[in-house]
Amino acid sequence: MENIKQAIMANGSSKLAGTSDDGKNDVQFTLAKMMDEKYTYTYKKLVVPPSMRSIYWKFFGFPATDDGDILTKVKIVCILCKTQIAYNRNTSNLRMHLQNKHAQELLELESVSLGSRQVVNQEHKERKTPHKRVLKTGLAPAKYIYTTNVDGTVQIDGDIQFVTDPNISLSNMEEDNIAIAQPLRVMIKDGSGINGNNQNVAFLMSEDNVTSQSVDGKTVSDAIAEFIVMDLQLPEIVEGRGFQRLVATLRSPCEIPSKNKLEEEIIPRIYDTFRESVASSLSLITLEVALTIEEWRSNNEESFVTVSVYYQNMEEATLECKILSTLHAPLDWDRTQWENTLDSLLLEWDIKVDRITAVVVSTSREELLMALSNRNLPVVPCLLHTLQVCAQTCFETPEVAHILSKCRAIIGVIISHPSAYSALTLQERLIELEENAMLLDYAVIWISTYNMLEQMVLRRNILPSILDSIEGLDQEMFEITNDQWKVIEDLVTVLEPFKVTIMTLSEEKMPLISLLKPLLWQLVSSHLKVKDTDSETAKNLKESLSDMLCERYADSNVTLLLQISTTLDPRFKALPYVTEEDKAVVSAPMKEMLTKLIQEESGDPGIKSEDETVPSKKSRLSVGMELLLGGLCSTKSGMSAEEKADLELVQYQSESPAPLDYCPLQWWAKVSAKCPNLAKLANRYHCVPACCAPPTRITADMQIQYDTKRAALPPHLIDKLLFLHGNHTMLG
């Protein structure tokens with residue numbers, strides 16, 4: 001408390017340019033007095049100064065002595081029930097109190113006031129200068145317009161933080177009545193501070209700013225809640241003095257909601273509202289959907305899964321994503337538990353199993369995967385998770401793990417010695433390495449480890465001299481041998497295509513499952529193909545990674561699903577990387593599904609073509625014409641569903657391939673008139689994403705930022721905050 005007083009007094013004195021030393025001392029004394037742990041005022045009267053002309057002041061007053069001197073203007077007291085209310089220089093909270101506690105008195109007060117307004121215009125001229133008339137007659141004006149003889153006590157809590165407008169100048173300050181060059185706006189926040197301590201925060205604002213910047217309390221609370229949701233901040237951030245000072249610096253005279261109010265009232269209210277919005281949006285979906293299930297761990301090592309749904313927005317030809325729920329998933333859950341949980345979740349959101357094209361999973365939990373398979377749901381490994389598992393396997397080999405430990409130690413010792421870090425910075429500038437820094441990795445995200453190694457290789461020639469400059473350092477502990485440098489270089493070279501793959505995914509507006517087959521084929525057949533010039537380490541790494549990639553997507557159902565989705569992607573429909581046998585394997589089921597779809601759309605397997613018109617008038621063909629020439633000019637009665645399917649497939653293949661940067665959803669929206677049924681089949685597959693994470697958090701920095709924030713969330717808010725954060729585009 002004493003430190004806070006000194007800081008405020010020092011800050012206050014720095015603002016008092018042009019005032020006397022006595023004035024400065026008065027400011028410091030007054031502020032220090034208000035900073036006492038507790039301050040109790042015993043009042044004998046409640047008074048209202050003449051400047052308070054609102055009708056609602058009739059039932060309120062400031063605590064005053066027996067002589068009528070106001071004791072404090074921090075609180076006002078209701079004369080009807082003695083409730084104490086923070087004074088914020090307007091009457092909105094006065095009326096609110098009357099409305100909630102004294103509705104009848106408020107009704108009578110406002111009805112009387114309404115009747116008296118009719119004579120206001122007649123008295124206007126006489127009321128314009130009453131103060132001047134009183135001065136002319138040598139009489140003092142009335143000290144108060146309302147005085148109520150009632151006693152009691154008012155206690156002002158301690159730990160009051162004052163944040164002043166830097167443009168305010170203070171002068172002529174007295175102990176109990178502070179006169180200032182510009183009036184101050186004082187806002188008091190009552191609430192629970194850290195560790196349960198009461199904390200009041202006062203915002204001091206110049207009166208000039210009050211009218212133009214006054215903000216509705218609910219709006220501010222919602223804005224702060226939205227800030228917490230969108231940036232995945234912890235609710236206790238509102239209790240930090242830095243955050244409170246920031247809000248005051250922005251000069252918004254408003255109340256900051258407490259942590260408890262955010263957690264128990266505001267966030268749940270917003271969650272309920274947008275949960276209804278999401279449910280309403282999902283109820284309108286008529287096409288197939290895809291699910292994603294992402295497993296992750298919190299800071300206390302508890303396991304959670306976040307379930308999302310993807311579907312096409314046909315009006316805008318885009319893929320929409322909505323987070324449905326985040327569930328605590330103990331490691332001992334068996335298959336039955338997962339089946340029951342999934343059934344409940346789908347029932348809750350009214351999602352039918354037969355409308356789910358596939359489930360993209362970022363988990364290795366066998367019980368969960370079995371539960372999905374038992375529901376006949378195709379399970380596709382998330383590409384981002386697959387790359388993570390493959391790279392992490394390389395990093396966890398004993399030889400590589402030892403090298404990584406040494407790399408982290410080197411970076412740690414350099415950044416902890418200012419002189420060594422400065423020398424490194426200087427050397428980086430000399431060799432033009434200013435763009436990317438050499439940072440410690442975030443081991444949970446493999447790409448951050450890769451970036452660390454990549455930057456180490458670029459600085460290989462300057463690191464020894466930097467380490468030599470650190471006195472007392474055991475050089476042998478931090479020495480990287482030539483063989484170890486070779487391993488690092490091989491790792492960087494072999495894993496570079498993985499990094500390029502991540503960049504490719506992040507650049508897509510929404511990476512679809514149709515990307516998987518081409519990307520996997522490129523990785524396995526080209527980038528991970530062993531070369532004669534490769535070292536033994538590089539060969540082993542490539543073979544291991546290639547085997548892992550193939551194994552994870554080896555399931556026949558997954559292979560067929562990937563092949564069909566890729567075939568229906570206009571960017572890859574030529575299929576240059578598969579054999580004729582593979583093309584035949586995928587063409588048969590595609591034609592079968594398309595034929596079935598056409599039959600379902602027509603409602604009858606033997607339905608005629610839409611081009612065949614039903615005669616609405618009597619035929620103009622004469623009996624003679626029919627008898628003589630009818631057999632020669634007979635026409636086909638209609639096309640079968642199978643023939644229609646063949647026609648649409650041929651039409652699709654005749655269209656020019658789309659550029660690689662073109663969205664396949666928009667391409668199909670444009671050609672759907674030519675291939676209406678094939679477009680519907682394409683929509684069934686193009687609702688499946690390539691990975692669980694949206695492109696906005698695929699890059700290394702965004703992965704780390706999101707993972708650290710998510711892992712720090714309190715368990716009781718995880719579901720609500722992740723739901724709102726993932727669906728925040730609906731806010732507002």
# chains A, B, ... in the order shown; residues from 1 in each chain; ligands from 1

call {"tool": "residues_around", "arguments": {"residues": "range 697-707 of chain A", "least_positions_apart": "2", "cutoff": "7 Å", "atoms": "only C-alpha atoms", "output": "JSON, numbers by chain"}}
result
{"A": [445, 447, 448, 502, 503, 506, 693, 694, 695, 709, 710, 711]}

call {"tool": "closest_atom_pairs", "arguments": {"of": "range 350-398 of chain A", "to": "range 474-487 of chain A", "cutoff": "12 Å", "atoms": "only C-alpha atoms", "output": "JSON lines"}}
result
{"residue": "A:Cys394", "atom": "CA", "partner": "A:Val487", "partner_atom": "CA", "distance": 11.2}
{"residue": "A:Phe395", "atom": "CA", "partner": "A:Val487", "partner_atom": "CA", "distance": 11.1}
{"residue": "A:Thr397", "atom": "CA", "partner": "A:Val487", "partner_atom": "CA", "distance": 11.9}

call {"tool": "write_last_selection", "arguments": {"atoms": "C-alpha atoms", "output": "PDB file, in the first residue's frame"}}
result
ATOM      1  CA  CYS A 394      12.733 -38.385 -35.427  1.00  0.00           C
ATOM      2  CA  PHE A 395      13.438 -35.950 -32.595  1.00  0.00           C
ATOM      3  CA  THR A 397      15.577 -40.982 -31.170  1.00  0.00           C
TER       4      THR A 397
END

call {"tool": "select_by_dssp", "arguments": {"residues": "range 325-557 of chain A", "states": "strand (DSSP E)", "output": "number ranges by chain"}}
result
A: 325-328, 356-362, 379-381

call {"tool": "write_last_selection", "arguments": {"atoms": "all heavy atoms", "output": "tab-separated table (two decimals), in the first residue's frame"}}
result
chain	number	residue	atom	x	y	z
A	325	SER	N	-18.00	-28.54	-29.24
A	325	SER	CA	-17.80	-28.79	-27.82
A	325	SER	C	-16.36	-29.19	-27.55
A	325	SER	O	-15.68	-29.75	-28.43
A	325	SER	CB	-18.75	-29.89	-27.34
A	325	SER	OG	-18.63	-30.10	-25.95
A	326	THR	N	-15.90	-28.91	-26.34
A	326	THR	CA	-14.61	-29.37	-25.86
A	326	THR	C	-14.85	-30.20	-24.61
A	326	THR	O	-15.43	-29.71	-23.64
A	326	THR	CB	-13.66	-28.20	-25.56
A	326	THR	OG1	-13.45	-27.45	-26.76
A	326	THR	CG2	-12.33	-28.70	-25.04
A	327	LEU	N	-14.40	-31.45	-24.65
A	327	LEU	CA	-14.71	-32.40	-23.58
A	327	LEU	C	-13.45	-32.82	-22.85
A	327	LEU	O	-12.40	-33.02	-23.47
A	327	LEU	CB	-15.37	-33.65	-24.17
A	327	LEU	CG	-16.56	-33.44	-25.11
A	327	LEU	CD1	-16.90	-34.75	-25.79
A	327	LEU	CD2	-17.75	-32.92	-24.33
A	328	HIS	N	-13.58	-32.94	-21.55
A	328	HIS	CA	-12.49	-33.54	-20.77
A	328	HIS	C	-12.48	-35.03	-21.09
A	328	HIS	O	-13.50	-35.70	-20.99
A	328	HIS	CB	-12.72	-33.31	-19.28
A	328	HIS	CG	-11.66	-33.91	-18.41
A	328	HIS	ND1	-11.95	-34.68	-17.31
A	328	HIS	CD2	-10.31	-33.88	-18.51
A	328	HIS	CE1	-10.83	-35.09	-16.74
A	328	HIS	NE2	-9.81	-34.62	-17.46
A	356	ILE	N	-22.59	-37.70	-42.22
A	356	ILE	CA	-21.19	-37.36	-41.97
A	356	ILE	C	-20.32	-38.06	-43.02
A	356	ILE	O	-20.25	-39.29	-43.06
A	356	ILE	CB	-20.76	-37.78	-40.55
A	356	ILE	CG1	-21.64	-37.09	-39.50
A	356	ILE	CG2	-19.29	-37.44	-40.32
A	356	ILE	CD1	-21.37	-37.55	-38.08
A	357	THR	N	-19.67	-37.28	-43.85
A	357	THR	CA	-18.82	-37.85	-44.90
A	357	THR	C	-17.59	-38.52	-44.30
A	357	THR	O	-17.21	-39.62	-44.70
A	357	THR	CB	-18.39	-36.76	-45.90
A	357	THR	OG1	-19.56	-36.19	-46.50
A	357	THR	CG2	-17.49	-37.34	-46.98
A	358	ALA	N	-16.95	-37.85	-43.35
A	358	ALA	CA	-15.74	-38.40	-42.73
A	358	ALA	C	-15.46	-37.64	-41.44
A	358	ALA	O	-16.01	-36.56	-41.20
A	358	ALA	CB	-14.55	-38.29	-43.68
A	359	VAL	N	-14.59	-38.24	-40.63
A	359	VAL	CA	-14.13	-37.60	-39.40
A	359	VAL	C	-12.61	-37.47	-39.49
A	359	VAL	O	-11.91	-38.47	-39.65
A	359	VAL	CB	-14.51	-38.41	-38.15
A	359	VAL	CG1	-14.05	-37.68	-36.89
A	359	VAL	CG2	-16.02	-38.65	-38.11
A	360	VAL	N	-12.11	-36.24	-39.42
A	360	VAL	CA	-10.68	-35.99	-39.42
A	360	VAL	C	-10.21	-35.94	-37.98
A	360	VAL	O	-10.75	-35.18	-37.17
A	360	VAL	CB	-10.35	-34.68	-40.16
A	360	VAL	CG1	-8.84	-34.41	-40.17
A	360	VAL	CG2	-10.89	-34.70	-41.57
A	361	VAL	N	-9.22	-36.76	-37.64
A	361	VAL	CA	-8.82	-36.89	-36.24
A	361	VAL	C	-7.37	-36.48	-36.04
A	361	VAL	O	-6.50	-36.78	-36.84
A	361	VAL	CB	-9.01	-38.34	-35.74
A	361	VAL	CG1	-10.48	-38.71	-35.74
A	361	VAL	CG2	-8.21	-39.33	-36.58
A	362	SER	N	-7.16	-35.76	-34.95
A	362	SER	CA	-5.82	-35.39	-34.52
A	362	SER	C	-5.58	-36.04	-33.17
A	362	SER	O	-5.49	-35.38	-32.13
A	362	SER	CB	-5.70	-33.86	-34.42
A	362	SER	OG	-4.45	-33.49	-33.90
A	379	VAL	N	-12.47	-42.62	-40.95
A	379	VAL	CA	-11.59	-41.86	-40.07
A	379	VAL	C	-10.32	-41.50	-40.83
A	379	VAL	O	-9.57	-42.38	-41.26
A	379	VAL	CB	-11.24	-42.67	-38.80
A	379	VAL	CG1	-10.31	-41.87	-37.90
A	379	VAL	CG2	-12.51	-43.06	-38.06
A	380	VAL	N	-10.09	-40.20	-41.01
A	380	VAL	CA	-8.94	-39.70	-41.78
A	380	VAL	C	-7.97	-39.01	-40.83
A	380	VAL	O	-8.36	-38.07	-40.14
A	380	VAL	CB	-9.39	-38.72	-42.88
A	380	VAL	CG1	-8.19	-38.26	-43.70
A	380	VAL	CG2	-10.44	-39.36	-43.77
A	381	PRO	N	-6.71	-39.44	-40.79
A	381	PRO	CA	-5.74	-38.75	-39.94
A	381	PRO	C	-5.52	-37.31	-40.40
A	381	PRO	O	-5.40	-37.04	-41.60
A	381	PRO	CB	-4.46	-39.57	-40.12
A	381	PRO	CG	-4.93	-40.92	-40.58
A	381	PRO	CD	-6.14	-40.64	-41.42

call {"tool": "residues_around", "arguments": {"residues": "Ala64 in chain A", "least_positions_apart": "3", "cutoff": "7 Å", "atoms": "only C-alpha atoms", "output": "VMD selection string"}}
result
chain A and resid 43 to 47 68 to 71

call {"tool": "write_last_selection", "arguments": {"atoms": "all heavy atoms", "output": "short mmCIF file (atom, residue, chain, number, x, y, z; two decimals), in the first residue's frame"}}
result
data_model
loop_
_atom_site.label_atom_id
_atom_site.label_comp_id
_atom_site.auth_asym_id
_atom_site.auth_seq_id
_atom_site.Cartn_x
_atom_site.Cartn_y
_atom_site.Cartn_z
N TYR A 43 -21.80 10.38 9.51
CA TYR A 43 -22.53 11.57 9.06
C TYR A 43 -23.78 11.78 9.92
O TYR A 43 -24.32 10.86 10.52
CB TYR A 43 -22.92 11.44 7.59
CG TYR A 43 -23.82 10.27 7.25
CD1 TYR A 43 -25.21 10.40 7.34
CD2 TYR A 43 -23.30 9.06 6.83
CE1 TYR A 43 -26.05 9.34 7.02
CE2 TYR A 43 -24.12 7.99 6.50
CZ TYR A 43 -25.50 8.13 6.61
OH TYR A 43 -26.33 7.09 6.30
N LYS A 44 -24.21 13.04 9.95
CA LYS A 44 -25.41 13.43 10.68
C LYS A 44 -26.52 13.90 9.75
O LYS A 44 -27.69 13.95 10.13
CB LYS A 44 -25.08 14.56 11.68
CG LYS A 44 -24.05 14.18 12.74
CD LYS A 44 -24.58 13.08 13.64
CE LYS A 44 -23.57 12.74 14.74
NZ LYS A 44 -24.06 11.66 15.64
N LYS A 45 -26.13 14.25 8.55
CA LYS A 45 -27.10 14.74 7.56
C LYS A 45 -26.75 14.20 6.18
O LYS A 45 -25.63 13.79 5.92
CB LYS A 45 -27.10 16.28 7.52
CG LYS A 45 -27.60 16.96 8.77
CD LYS A 45 -27.58 18.46 8.61
CE LYS A 45 -28.12 19.15 9.87
NZ LYS A 45 -28.10 20.62 9.72
N LEU A 46 -27.75 14.24 5.31
CA LEU A 46 -27.55 13.96 3.89
C LEU A 46 -27.95 15.22 3.13
O LEU A 46 -29.08 15.70 3.28
CB LEU A 46 -28.38 12.76 3.43
CG LEU A 46 -28.04 11.42 4.08
CD1 LEU A 46 -29.01 10.35 3.61
CD2 LEU A 46 -26.61 11.01 3.77
N VAL A 47 -27.02 15.76 2.35
CA VAL A 47 -27.27 17.04 1.69
C VAL A 47 -27.06 16.92 0.20
O VAL A 47 -26.32 16.05 -0.27
CB VAL A 47 -26.37 18.15 2.27
CG1 VAL A 47 -26.62 18.32 3.76
CG2 VAL A 47 -24.90 17.83 2.02
N GLY A 68 -23.54 20.60 8.19
CA GLY A 68 -23.86 20.56 6.77
C GLY A 68 -22.66 20.49 5.85
O GLY A 68 -22.82 20.61 4.63
N ASP A 69 -21.47 20.27 6.40
CA ASP A 69 -20.27 20.16 5.55
C ASP A 69 -20.16 18.74 5.00
O ASP A 69 -20.20 17.76 5.76
CB ASP A 69 -19.02 20.50 6.36
CG ASP A 69 -19.03 21.93 6.85
OD1 ASP A 69 -19.51 22.80 6.10
OD2 ASP A 69 -18.57 22.17 7.98
N ILE A 70 -20.02 18.64 3.67
CA ILE A 70 -19.95 17.32 3.03
C ILE A 70 -18.66 16.61 3.44
O ILE A 70 -17.57 17.18 3.36
CB ILE A 70 -20.02 17.46 1.50
CG1 ILE A 70 -21.39 18.00 1.09
CG2 ILE A 70 -19.76 16.12 0.82
CD1 ILE A 70 -21.54 18.23 -0.40
N LEU A 71 -18.81 15.36 3.88
CA LEU A 71 -17.66 14.57 4.33
C LEU A 71 -16.93 13.91 3.17
O LEU A 71 -15.71 13.84 3.14
CB LEU A 71 -18.13 13.49 5.32
CG LEU A 71 -18.68 14.02 6.65
CD1 LEU A 71 -19.35 12.89 7.42
CD2 LEU A 71 -17.55 14.61 7.49
#

call {"tool": "closest_residue", "arguments": {"among": "A:Ser277, A:Thr65, A:Asn313, A:Gln651", "to": "Leu724 in chain A", "atoms": "only C-alpha atoms"}}
result
A:Ser277

call {"tool": "closest_residue", "arguments": {"among": "A:Leu369, A:Met230, A:Cys691, A:Leu647", "to": "Lys674 in chain A", "atoms": "only C-alpha atoms"}}
result
A:Leu647

call {"tool": "closest_residue", "arguments": {"among": "A:Leu433, A:Leu98, A:Ile76, A:Cys382", "to": "Tyr56 in chain A", "atoms": "only C-alpha atoms"}}
result
A:Leu98

call {"tool": "atom_distance", "arguments": {"atom1": "CA of Leu346 in chain A", "atom2": "CA of Thr566 in chain A"}}
result
27.9 Å

call {"tool": "residues_around", "arguments": {"residues": "Arg460 in chain A", "least_positions_apart": "2", "cutoff": "12 Å", "atoms": "only C-alpha atoms", "output": "VMD selection string"}}
result
chain A and resid 407 410 424 427 to 428 431 438 453 to 458 462 to 467 479 to 482 484 to 486 488 to 489

call {"tool": "write_last_selection", "arguments": {"atoms": "N, CA, C and O atoms", "output": "mmCIF file, in the first residue's frame"}}
result
data_model
loop_
_atom_site.group_PDB
_atom_site.id
_atom_site.type_symbol
_atom_site.label_atom_id
_atom_site.label_comp_id
_atom_site.auth_asym_id
_atom_site.auth_seq_id
_atom_site.Cartn_x
_atom_site.Cartn_y
_atom_site.Cartn_z
ATOM 1 N N CYS A 407 21.684 -28.192 -28.150
ATOM 2 C CA CYS A 407 21.304 -26.962 -28.877
ATOM 3 C C CYS A 407 20.541 -26.003 -27.964
ATOM 4 O O CYS A 407 20.788 -24.782 -27.957
ATOM 5 N N ILE A 410 22.889 -24.312 -25.540
ATOM 6 C CA ILE A 410 23.691 -23.252 -26.164
ATOM 7 C C ILE A 410 22.882 -21.965 -26.285
ATOM 8 O O ILE A 410 23.351 -20.873 -25.930
ATOM 9 N N LEU A 424 26.392 -11.823 -30.468
ATOM 10 C CA LEU A 424 25.673 -12.626 -31.456
ATOM 11 C C LEU A 424 24.878 -11.734 -32.398
ATOM 12 O O LEU A 424 24.877 -11.930 -33.620
ATOM 13 N N GLN A 427 27.200 -10.108 -34.884
ATOM 14 C CA GLN A 427 27.643 -11.058 -35.905
ATOM 15 C C GLN A 427 26.520 -11.376 -36.900
ATOM 16 O O GLN A 427 26.762 -11.544 -38.098
ATOM 17 N N GLU A 428 25.287 -11.466 -36.402
ATOM 18 C CA GLU A 428 24.143 -11.736 -37.281
ATOM 19 C C GLU A 428 23.975 -10.623 -38.311
ATOM 20 O O GLU A 428 23.661 -10.875 -39.479
ATOM 21 N N ILE A 431 26.576 -10.899 -41.135
ATOM 22 C CA ILE A 431 26.306 -11.927 -42.155
ATOM 23 C C ILE A 431 24.850 -11.867 -42.633
ATOM 24 O O ILE A 431 24.357 -12.799 -43.253
ATOM 25 N N MET A 438 17.453 -16.747 -33.629
ATOM 26 C CA MET A 438 17.699 -18.093 -33.133
ATOM 27 C C MET A 438 17.044 -18.190 -31.753
ATOM 28 O O MET A 438 17.547 -17.641 -30.772
ATOM 29 N N LEU A 453 16.710 -25.556 -35.207
ATOM 30 C CA LEU A 453 17.836 -26.233 -35.840
ATOM 31 C C LEU A 453 18.285 -25.506 -37.110
ATOM 32 O O LEU A 453 19.484 -25.393 -37.396
ATOM 33 N N GLU A 454 17.325 -25.039 -37.877
ATOM 34 C CA GLU A 454 17.643 -24.334 -39.124
ATOM 35 C C GLU A 454 18.465 -23.088 -38.837
ATOM 36 O O GLU A 454 19.455 -22.806 -39.535
ATOM 37 N N GLN A 455 18.091 -22.343 -37.803
ATOM 38 C CA GLN A 455 18.829 -21.131 -37.453
ATOM 39 C C GLN A 455 20.186 -21.464 -36.844
ATOM 40 O O GLN A 455 21.154 -20.712 -37.001
ATOM 41 N N MET A 456 20.288 -22.601 -36.158
ATOM 42 C CA MET A 456 21.581 -23.035 -35.620
ATOM 43 C C MET A 456 22.564 -23.313 -36.760
ATOM 44 O O MET A 456 23.737 -22.925 -36.699
ATOM 45 N N VAL A 457 22.089 -23.986 -37.799
ATOM 46 C CA VAL A 457 22.949 -24.304 -38.945
ATOM 47 C C VAL A 457 23.463 -23.025 -39.600
ATOM 48 O O VAL A 457 24.641 -22.929 -39.979
ATOM 49 N N LEU A 458 22.598 -22.024 -39.742
ATOM 50 C CA LEU A 458 22.997 -20.765 -40.365
ATOM 51 C C LEU A 458 24.056 -20.034 -39.550
ATOM 52 O O LEU A 458 24.816 -19.221 -40.083
ATOM 53 N N ILE A 462 29.669 -18.900 -36.370
ATOM 54 C CA ILE A 462 29.869 -17.810 -35.403
ATOM 55 C C ILE A 462 29.603 -18.235 -33.967
ATOM 56 O O ILE A 462 30.013 -17.552 -33.032
ATOM 57 N N LEU A 463 28.953 -19.380 -33.766
ATOM 58 C CA LEU A 463 28.621 -19.801 -32.405
ATOM 59 C C LEU A 463 29.852 -20.126 -31.558
ATOM 60 O O LEU A 463 29.888 -19.766 -30.370
ATOM 61 N N PRO A 464 30.874 -20.801 -32.091
ATOM 62 C CA PRO A 464 32.035 -21.103 -31.243
ATOM 63 C C PRO A 464 32.682 -19.872 -30.629
ATOM 64 O O PRO A 464 33.041 -19.866 -29.453
ATOM 65 N N SER A 465 32.842 -18.805 -31.418
ATOM 66 C CA SER A 465 33.472 -17.590 -30.885
ATOM 67 C C SER A 465 32.595 -16.924 -29.836
ATOM 68 O O SER A 465 33.100 -16.335 -28.871
ATOM 69 N N ILE A 466 31.306 -17.006 -30.015
ATOM 70 C CA ILE A 466 30.386 -16.424 -29.029
ATOM 71 C C ILE A 466 30.503 -17.181 -27.710
ATOM 72 O O ILE A 466 30.574 -16.578 -26.625
ATOM 73 N N LEU A 467 30.556 -18.497 -27.771
ATOM 74 C CA LEU A 467 30.675 -19.310 -26.552
ATOM 75 C C LEU A 467 32.032 -19.096 -25.881
ATOM 76 O O LEU A 467 32.128 -19.092 -24.645
ATOM 77 N N GLU A 479 29.918 -28.052 -26.661
ATOM 78 C CA GLU A 479 30.528 -28.274 -27.965
ATOM 79 C C GLU A 479 29.693 -29.239 -28.809
ATOM 80 O O GLU A 479 29.245 -30.284 -28.341
ATOM 81 N N ILE A 480 29.466 -28.844 -30.061
ATOM 82 C CA ILE A 480 28.777 -29.710 -31.021
ATOM 83 C C ILE A 480 29.823 -30.217 -32.002
ATOM 84 O O ILE A 480 30.474 -29.427 -32.701
ATOM 85 N N THR A 481 29.981 -31.530 -32.063
ATOM 86 C CA THR A 481 31.002 -32.115 -32.935
ATOM 87 C C THR A 481 30.582 -32.021 -34.396
ATOM 88 O O THR A 481 29.410 -31.754 -34.715
ATOM 89 N N ASN A 482 31.538 -32.283 -35.272
ATOM 90 C CA ASN A 482 31.242 -32.248 -36.708
ATOM 91 C C ASN A 482 30.195 -33.291 -37.087
ATOM 92 O O ASN A 482 29.322 -33.038 -37.938
ATOM 93 N N GLN A 484 27.830 -34.393 -35.179
ATOM 94 C CA GLN A 484 26.531 -33.916 -34.692
ATOM 95 C C GLN A 484 25.986 -32.798 -35.582
ATOM 96 O O GLN A 484 24.780 -32.736 -35.833
ATOM 97 N N TRP A 485 26.879 -31.938 -36.063
ATOM 98 C CA TRP A 485 26.433 -30.909 -37.005
ATOM 99 C C TRP A 485 25.887 -31.560 -38.282
ATOM 100 O O TRP A 485 24.908 -31.073 -38.854
ATOM 101 N N LYS A 486 26.488 -32.646 -38.691
ATOM 102 C CA LYS A 486 26.014 -33.345 -39.888
ATOM 103 C C LYS A 486 24.612 -33.904 -39.664
ATOM 104 O O LYS A 486 23.749 -33.847 -40.558
ATOM 105 N N ILE A 488 22.381 -32.649 -37.619
ATOM 106 C CA ILE A 488 21.473 -31.495 -37.633
ATOM 107 C C ILE A 488 21.167 -31.072 -39.067
ATOM 108 O O ILE A 488 20.009 -30.807 -39.430
ATOM 109 N N GLU A 489 22.193 -30.998 -39.893
ATOM 110 C CA GLU A 489 21.993 -30.597 -41.290
ATOM 111 C C GLU A 489 21.112 -31.596 -42.034
ATOM 112 O O GLU A 489 20.264 -31.205 -42.851
#
